[in-house]
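Source file: protein.cif; contents: mmCIF, C-alpha atoms.
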data_model
#
loop_
_atom_site.label_atom_id
_atom_site.label_comp_id
_atom_site.auth_asym_id
_atom_site.auth_seq_id
_atom_site.Cartn_x
_atom_site.Cartn_y
_atom_site.Cartn_z
CA PRO A 1 59.82 -34.80 54.53
CA GLN A 2 60.57 -38.16 53.10
CA GLY A 3 57.52 -40.09 52.05
CA ALA A 4 55.34 -36.98 51.51
CA LEU A 5 53.04 -36.87 48.50
CA PRO A 6 54.19 -34.82 45.54
CA LYS A 7 52.57 -31.39 45.07
CA ALA A 8 49.59 -31.54 42.70
CA SER A 9 49.79 -29.66 39.45
CA PRO A 10 47.73 -26.43 39.47
CA ARG A 11 46.17 -27.46 36.11
CA PHE A 12 44.67 -30.66 37.51
CA ALA A 13 42.51 -31.41 40.50
CA PRO A 14 40.71 -34.51 41.74
CA GLY A 15 37.41 -35.19 40.01
CA PRO A 16 34.05 -35.50 41.77
CA GLY A 17 34.11 -39.31 41.71
CA PRO A 18 36.46 -42.22 41.25
CA GLY A 19 38.74 -42.13 38.25
CA PRO A 20 41.53 -39.90 37.01
CA ALA A 21 41.56 -36.27 37.85
CA GLY A 22 40.08 -33.97 35.22
CA PRO A 23 41.40 -30.60 34.04
CA LEU A 24 40.19 -27.49 35.78
CA PRO A 25 37.95 -25.13 33.77
CA PRO A 26 39.90 -22.29 32.17
CA GLN A 27 39.73 -18.87 33.73
CA THR A 28 37.21 -16.60 32.02
CA SER A 29 38.67 -13.26 31.09
CA GLY A 30 36.76 -9.96 30.88
CA SER A 31 37.11 -9.71 27.09
CA SER A 32 35.72 -13.24 26.50
CA LEU A 33 32.86 -12.55 28.93
CA THR A 34 32.02 -9.33 27.13
CA ALA A 35 32.12 -10.98 23.72
CA THR A 36 29.91 -13.84 24.93
CA THR A 37 27.41 -11.41 26.42
CA VAL A 38 27.24 -9.26 23.26
CA ARG A 39 26.85 -12.31 21.05
CA GLY A 40 24.01 -13.61 23.17
CA ALA A 41 21.89 -10.45 22.95
CA SER A 42 21.30 -7.58 20.59
CA GLY A 43 20.12 -4.00 20.72
CA PRO A 44 19.87 -2.07 24.01
CA ALA A 45 20.08 -5.31 26.01
CA ALA A 46 23.46 -6.08 24.41
CA ALA A 47 24.81 -2.64 25.31
CA ALA A 48 23.67 -2.96 28.92
CA ALA A 49 25.05 -6.49 29.17
CA ALA A 50 28.42 -5.43 27.76
CA ALA A 51 28.64 -2.53 30.23
CA ALA A 52 27.75 -4.82 33.14
CA ALA A 53 30.32 -7.40 32.02
CA VAL A 54 33.09 -4.81 31.80
CA ARG A 55 32.19 -3.38 35.22
CA THR A 56 32.15 -6.88 36.73
CA THR A 57 35.50 -7.72 35.21
CA ASP A 58 36.96 -4.42 36.39
CA ALA A 59 35.77 -5.07 39.91
CA SER A 60 37.16 -8.59 39.89
CA ILE A 61 40.55 -7.38 38.66
CA GLN A 62 40.71 -4.56 41.20
CA ALA A 63 39.73 -7.00 43.99
CA GLY A 64 42.73 -9.20 43.14
CA PRO A 65 42.94 -12.93 43.32
CA GLY A 66 40.54 -14.69 45.61
CA PRO A 67 41.37 -17.29 48.21
CA GLY A 68 43.44 -20.03 46.75
CA GLY A 69 44.01 -18.08 43.53
CA GLY A 70 47.54 -16.85 44.16
CA ASP A 71 49.05 -19.37 41.80
CA ASP A 72 46.80 -18.25 38.88
CA ASP A 73 47.66 -14.58 39.51
CA GLU A 74 51.36 -15.43 39.52
CA ARG A 75 51.03 -17.22 36.15
CA VAL A 76 49.64 -14.06 34.38
CA PRO A 77 52.54 -12.22 32.75
CA PRO A 78 52.72 -8.43 33.34
CA GLU A 79 52.63 -7.72 29.60
CA LEU A 80 49.39 -9.70 29.22
CA ARG A 81 47.87 -7.92 32.22
CA ARG A 82 48.77 -4.50 30.78
CA ALA A 83 47.36 -5.49 27.35
CA PHE A 84 44.17 -6.68 28.98
CA GLN A 85 43.84 -3.45 30.97
CA ALA A 86 44.47 -1.41 27.81
CA HIS A 87 41.77 -3.26 25.92
CA ARG A 88 39.41 -2.89 28.83
CA GLN A 89 40.09 0.83 29.04
CA GLU A 90 39.51 1.15 25.29
CA LEU A 91 36.16 -0.61 25.60
CA ARG A 92 35.11 1.61 28.48
CA GLU A 93 36.16 4.88 26.86
CA ALA A 94 35.48 4.27 23.15
CA TRP A 95 32.64 1.77 22.87
CA LEU A 96 30.53 2.05 25.99
CA PRO A 97 29.50 5.74 25.41
CA GLU A 98 28.52 4.96 21.81
CA LEU A 99 26.56 1.89 22.90
CA GLU A 100 24.81 3.93 25.57
CA ALA A 101 23.93 6.60 22.99
CA CYS A 102 22.59 3.91 20.64
CA ARG A 103 20.52 2.48 23.46
CA ASN A 104 19.05 5.91 24.22
CA ASP A 105 18.26 6.45 20.53
CA LEU A 106 16.54 3.07 20.32
CA ALA A 107 14.52 3.79 23.46
CA GLU A 108 13.47 7.15 22.02
CA ALA A 109 12.46 5.46 18.74
CA VAL A 110 10.41 2.89 20.66
CA ARG A 111 8.62 5.68 22.56
CA ALA A 112 7.92 7.49 19.28
CA ILE A 113 6.50 4.30 17.75
CA ASP A 114 4.27 3.76 20.78
CA ALA A 115 3.01 7.33 20.58
CA ARG A 116 2.32 6.97 16.86
CA SER A 117 0.48 3.70 17.46
CA ALA A 118 -1.69 5.33 20.12
CA GLU A 119 -2.48 8.21 17.77
CA LEU A 120 -3.35 5.74 15.01
CA ARG A 121 -5.71 3.82 17.29
CA GLN A 122 -7.35 7.07 18.38
CA ARG A 123 -7.94 8.19 14.78
CA CYS A 124 -9.32 4.78 13.81
CA ASN A 125 -11.68 4.79 16.80
CA GLU A 126 -12.85 8.28 15.89
CA ALA A 127 -13.50 7.24 12.28
CA GLU A 128 -15.33 4.12 13.46
CA ARG A 129 -17.48 6.17 15.84
CA GLU A 130 -18.43 8.62 13.10
CA GLY A 131 -19.23 5.74 10.73
CA SER A 132 -21.40 4.07 13.38
CA GLU A 133 -23.29 7.30 14.03
CA GLU A 134 -23.90 7.80 10.31
CA PHE A 135 -25.03 4.18 9.94
CA GLU A 136 -27.43 4.47 12.88
CA SER A 137 -28.92 7.65 11.42
CA LEU A 138 -29.48 6.01 8.03
CA ARG A 139 -30.96 2.94 9.72
CA ALA A 140 -33.39 5.00 11.83
CA HIS A 141 -34.58 6.90 8.75
CA LEU A 142 -35.09 3.65 6.86
CA ARG A 143 -36.91 2.03 9.77
CA SER A 144 -39.25 5.03 9.99
CA ALA A 145 -40.23 4.79 6.33
CA GLU A 146 -40.58 1.01 6.59
CA SER A 147 -42.78 1.12 9.68
CA LEU A 148 -45.13 3.65 8.09
CA LYS A 149 -45.62 1.61 4.92
CA LEU A 150 -45.93 -1.66 6.85
CA ALA A 151 -48.60 -0.10 9.07
CA VAL A 152 -50.69 0.85 6.01
CA LEU A 153 -50.27 -2.59 4.45
CA GLY A 154 -51.02 -4.31 7.75
CA ARG A 155 -54.26 -2.38 8.22
CA GLU A 156 -55.43 -3.27 4.70
CA LYS A 157 -54.47 -6.89 5.29
CA ASP A 158 -56.44 -7.04 8.55
CA ILE A 159 -59.57 -5.61 6.87
CA ARG A 160 -59.42 -8.15 4.06
CA MET A 161 -58.68 -11.06 6.39
CA LYS A 162 -61.68 -10.09 8.54
CA LEU A 163 -63.93 -10.01 5.45
CA SER A 164 -62.55 -13.38 4.38
CA GLU A 165 -63.33 -14.86 7.80
CA GLU A 166 -66.88 -13.49 7.67
CA LEU A 167 -67.36 -14.96 4.18
CA THR A 168 -66.05 -18.32 5.40
CA ALA A 169 -68.42 -18.25 8.38
CA LEU A 170 -71.36 -17.42 6.13
CA SER A 171 -70.43 -20.22 3.73
CA ASN A 172 -70.21 -22.68 6.58
CA LYS A 173 -73.58 -21.52 7.86
CA VAL A 174 -75.14 -22.07 4.44
CA ALA A 175 -73.50 -25.52 4.24
CA THR A 176 -75.20 -26.54 7.49
CA PHE A 177 -78.62 -26.45 5.90
CA SER A 178 -79.73 -29.90 4.89
CA THR A 179 -82.68 -31.26 2.94
CA ALA A 180 -83.28 -33.78 5.72
CA MET A 181 -84.86 -31.12 7.86
CA SER A 182 -88.43 -31.35 8.92
CA ALA A 183 -91.16 -29.33 7.31
CA GLU A 184 -91.36 -27.04 10.30
CA GLY A 185 -87.61 -26.44 10.23
CA MET A 186 -87.66 -25.74 6.54
CA SER A 187 -90.51 -23.27 6.98
CA ARG A 188 -88.67 -21.51 9.81
CA SER A 189 -85.48 -21.35 7.79
CA ILE A 190 -87.33 -19.93 4.79
CA ALA A 191 -89.08 -17.35 6.95
CA GLN A 192 -86.18 -16.31 9.19
CA ASP A 193 -82.75 -17.68 8.23
CA PHE A 194 -82.70 -17.24 4.48
CA PRO A 195 -83.55 -13.49 4.47
CA LEU A 196 -80.91 -12.87 7.15
CA ILE A 197 -78.27 -14.85 5.30
CA GLN A 198 -79.18 -13.11 2.05
CA SER A 199 -78.82 -9.69 3.63
CA GLN A 200 -75.46 -10.65 5.17
CA ALA A 201 -74.27 -11.97 1.82
CA GLU A 202 -75.28 -8.75 0.07
CA SER A 203 -73.53 -6.70 2.76
CA LEU A 204 -70.36 -8.73 2.52
CA ARG A 205 -70.39 -8.55 -1.26
CA ALA A 206 -70.86 -4.78 -1.15
CA ARG A 207 -68.01 -4.42 1.32
CA CYS A 208 -65.75 -6.60 -0.82
CA VAL A 209 -66.56 -4.62 -3.95
CA SER A 210 -66.13 -1.28 -2.20
CA GLN A 211 -62.64 -2.13 -0.97
CA ALA A 212 -60.28 0.14 -2.85
CA ARG A 213 -56.99 -1.23 -3.98
CA ILE A 214 -54.27 0.33 -1.87
CA ASP A 215 -50.96 0.55 -3.65
CA VAL A 216 -48.18 1.45 -1.26
CA PRO A 217 -45.28 2.84 -3.31
CA ILE A 218 -41.89 1.32 -2.68
CA ASP A 219 -39.92 3.39 -5.16
CA ASP A 220 -39.50 6.16 -2.61
CA ILE A 221 -37.52 4.02 -0.19
CA PRO A 222 -34.53 6.19 0.74
CA PHE A 223 -31.28 4.69 -0.52
CA GLU A 224 -29.20 7.32 1.22
CA ALA A 225 -25.94 5.39 1.05
CA ARG A 226 -26.41 4.89 -2.68
CA ALA A 227 -27.35 8.55 -3.11
CA LYS A 228 -24.28 9.67 -1.19
CA ALA A 229 -22.06 7.41 -3.28
CA GLU A 230 -23.59 8.89 -6.43
CA MET A 231 -23.05 12.40 -5.10
CA LEU A 232 -19.44 11.60 -4.31
CA ARG A 233 -18.97 10.21 -7.80
CA ARG A 234 -20.47 13.34 -9.32
CA TYR A 235 -18.33 15.46 -7.05
CA ALA A 236 -15.23 13.61 -8.26
CA VAL A 237 -16.27 14.21 -11.89
CA LEU A 238 -16.99 17.88 -11.17
CA GLU A 239 -13.63 18.19 -9.44
CA GLN A 240 -11.87 16.80 -12.50
CA LEU A 241 -13.82 19.22 -14.73
CA GLN A 242 -12.90 22.06 -12.40
CA LYS A 243 -9.22 21.15 -12.62
CA ALA A 244 -9.42 20.95 -16.42
CA LYS A 245 -11.14 24.35 -16.52
CA ASP A 246 -8.49 25.84 -14.24
CA GLN A 247 -5.74 24.48 -16.48
CA CYS A 248 -7.42 25.97 -19.57
CA LEU A 249 -7.85 29.34 -17.87
CA TRP A 250 -4.24 29.31 -16.72
CA HIS A 251 -3.09 28.46 -20.24
CA LEU A 252 -5.12 31.38 -21.60
CA GLU A 253 -3.68 33.64 -18.93
CA GLU A 254 -0.15 32.63 -19.89
CA GLN A 255 -0.93 33.31 -23.54
CA ARG A 256 -2.39 36.72 -22.62
CA ARG A 257 0.73 37.61 -20.65
CA GLN A 258 2.95 36.50 -23.51
CA LEU A 259 0.95 38.56 -26.03
CA GLN A 260 1.04 41.53 -23.70
CA GLU A 261 4.80 41.23 -23.41
CA ASP A 262 5.13 40.92 -27.21
CA LEU A 263 2.95 44.02 -27.63
CA SER A 264 5.10 45.96 -25.16
CA GLN A 265 8.23 44.97 -27.09
CA ALA A 266 6.58 45.96 -30.39
CA ARG A 267 5.66 49.34 -28.93
CA ALA A 268 9.21 49.84 -27.74
CA TRP A 269 10.55 48.97 -31.20
CA GLY A 270 8.01 51.34 -32.81
CA GLU A 271 9.00 54.19 -30.50
CA GLN A 272 12.66 53.53 -31.26
CA ALA A 273 11.93 53.56 -35.02
CA GLU A 274 10.02 56.84 -34.68
CA GLN A 275 12.92 58.39 -32.83
CA LEU A 276 15.32 57.17 -35.53
CA LEU A 277 13.12 58.58 -38.30
CA GLU A 278 12.82 61.84 -36.40
CA SER A 279 16.59 62.10 -36.15
CA TYR A 280 16.88 61.33 -39.87
CA SER A 281 14.35 64.05 -40.74
CA GLN A 282 16.20 66.54 -38.60
CA GLU A 283 19.46 65.75 -40.36
CA LEU A 284 17.84 66.04 -43.79
CA ASN A 285 16.46 69.50 -43.02
CA HIS A 286 19.87 71.07 -43.43
CA VAL A 287 20.77 72.99 -46.65
CA CYS A 288 23.99 73.22 -48.50
CA TYR A 289 26.20 76.17 -47.57
CA PHE A 290 27.37 76.76 -51.13
CA CYS A 291 24.28 76.14 -53.27
CA SER A 292 21.55 76.55 -50.65
CA GLU A 293 19.91 73.34 -51.80
CA GLN A 294 18.18 71.18 -49.22
CA PHE A 295 19.72 67.81 -48.52
CA SER A 296 17.81 64.98 -50.18
CA ALA A 297 18.43 61.67 -51.84
CA ASN A 298 18.22 63.26 -55.32
CA ALA A 299 20.64 65.97 -54.36
CA ALA A 300 23.02 63.41 -53.00
#
In structure tokens, how does this file's structure come out?
Amino acid sequence: PQGALPKASPRFAPGPGPGPAGPLPPQTSGSSLTATTVRGASGPAAAAAAAAAVRTTDASIQAGPGPGGGDDDERVPPELRRAFQAHRQELREAWLPELEACRNDLAEAVRAIDARSAELRQRCNEAEREGSEEFESLRAHLRSAESLKLAVLGREKDIRMKLSEELTALSNKVATFSTAMSAEGMSRSIAQDFPLIQSQAESLRARCVSQARIDVPIDDIPFEARAKAEMLRRYAVLEQLQKAKDQCLWHLEEQRRQLQEDLSQARAWGEQAEQLLESYSQELNHVCYFCSEQFSANAA
């Protein structure tokens, strides 16, 4: 009717606010969606994303245009639709199976790596456990030898410290005597204290002199780790000598076989020469039919 508003262009629509209308976002095709998905991820995730994108696009195409989308569907030329369907079919039949196979191969490789990692951790834990057990055994042996020697040294130390304390006590007792004592005190000390102190001093001196010097050897401390390292080094040297000896013996064996083969060939040549000489002798045994003379070099 007259005065009606003109029909809006399908490429433009009113914007969300005041101002001129903005262009509508372009329609996203299945091929562009697939390419965007594949570019955004890699590996098995890319293959799964590409398959999902193609399936989504296929479903959207089979569903047809949505509400209000009739004009967009009418603008798609038939040739373009057939080309798009051909490309989509090519992706589904040619690329998706290969991508799925690649994804399965990658998943299998990941499982193999995980299994190998678990096996590696198990072997390392086993080696660590054996090393810890060996270390604890060496440590217990060393602690046993150390405790025995420390017990001997500690006992000797206690005896000498006790004698030293007794000597100190006797010295302090002697130092307590003073010349300021009374005559009665001096007489009592001379009669009672001095003989007792003298006997104690003689006893302590005798005990100090009789103390034998205890020398606890420390050269027999077991260095088992060092001894094992030395044994391993010697074993490595012996292994190298064994290999050198084996090589020399093998070289001699090869020479023996070669000499034996040469001897066999020489025997064969000797037998052949004997047979040739025997045939020559048989031929020379003939005599001449006319003169009855035996064939020889002189006669020839």
Can you list, as a CSV table (one decimal) with C-alpha atoms, in the coordinates of the input, every protein, DNA or RNA residue that comes within 12 Å of Asp215 (chain A) when you count all atoms listed in the file, leaving out same-chain residues fewer than 4 positions away?
chain,number,residue,atom,x,y,z
A,149,LYS,CA,-45.6,1.6,4.9
A,150,LEU,CA,-45.9,-1.7,6.8
A,152,VAL,CA,-50.7,0.8,6.0
A,153,LEU,CA,-50.3,-2.6,4.4
A,156,GLU,CA,-55.4,-3.3,4.7
A,219,ASP,CA,-39.9,3.4,-5.2
**OP:** Considering all atoms listed in the file, return as a PyMOL selection string whatever protein or nucleic-acid residues lie within 9 Å of region 189-203 of chain A, sequence-local ones (same chain, fewer than 5 positions apart) excluded.
**Re:** chain A and resi 167+170+173-174+177+184+208
Subject >> Straight-line distance linking CA of Glu119 (chain A) with CA of Gly131 (chain A), stated in Å to one decimal >> reply: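 Atom-to-atom, CA of Glu119 (chain A) to CA of Gly131 (chain A), that is 18.3 Å.
In this structure, CA of Leu99 (chain A) sits 16.3 Å away from CA of His87 (chain A).
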Original post:
Could you state the separation of CA of Glu128 (chain A) and CA of Ser147 (chain A) in Å, given to one decimal place?
Top reply: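 Value for the CA of Glu128 (chain A)-CA of Ser147 (chain A) distance: 27.9 Å.
Matched in the shown structure by the PyMOL selection byres ((chain A and resi 142-146) around 12): Phe135, Glu136, Ser137, Leu138, Arg139, Ala140, His141, Ser147, Leu148, Lys149, Leu150, Ala151, Val152, Leu153, Gly154, Val216, Pro217, Ile218, Asp219, Asp220, Ile221, Pro222, Phe223, Glu224 and Ala225 of chain A.
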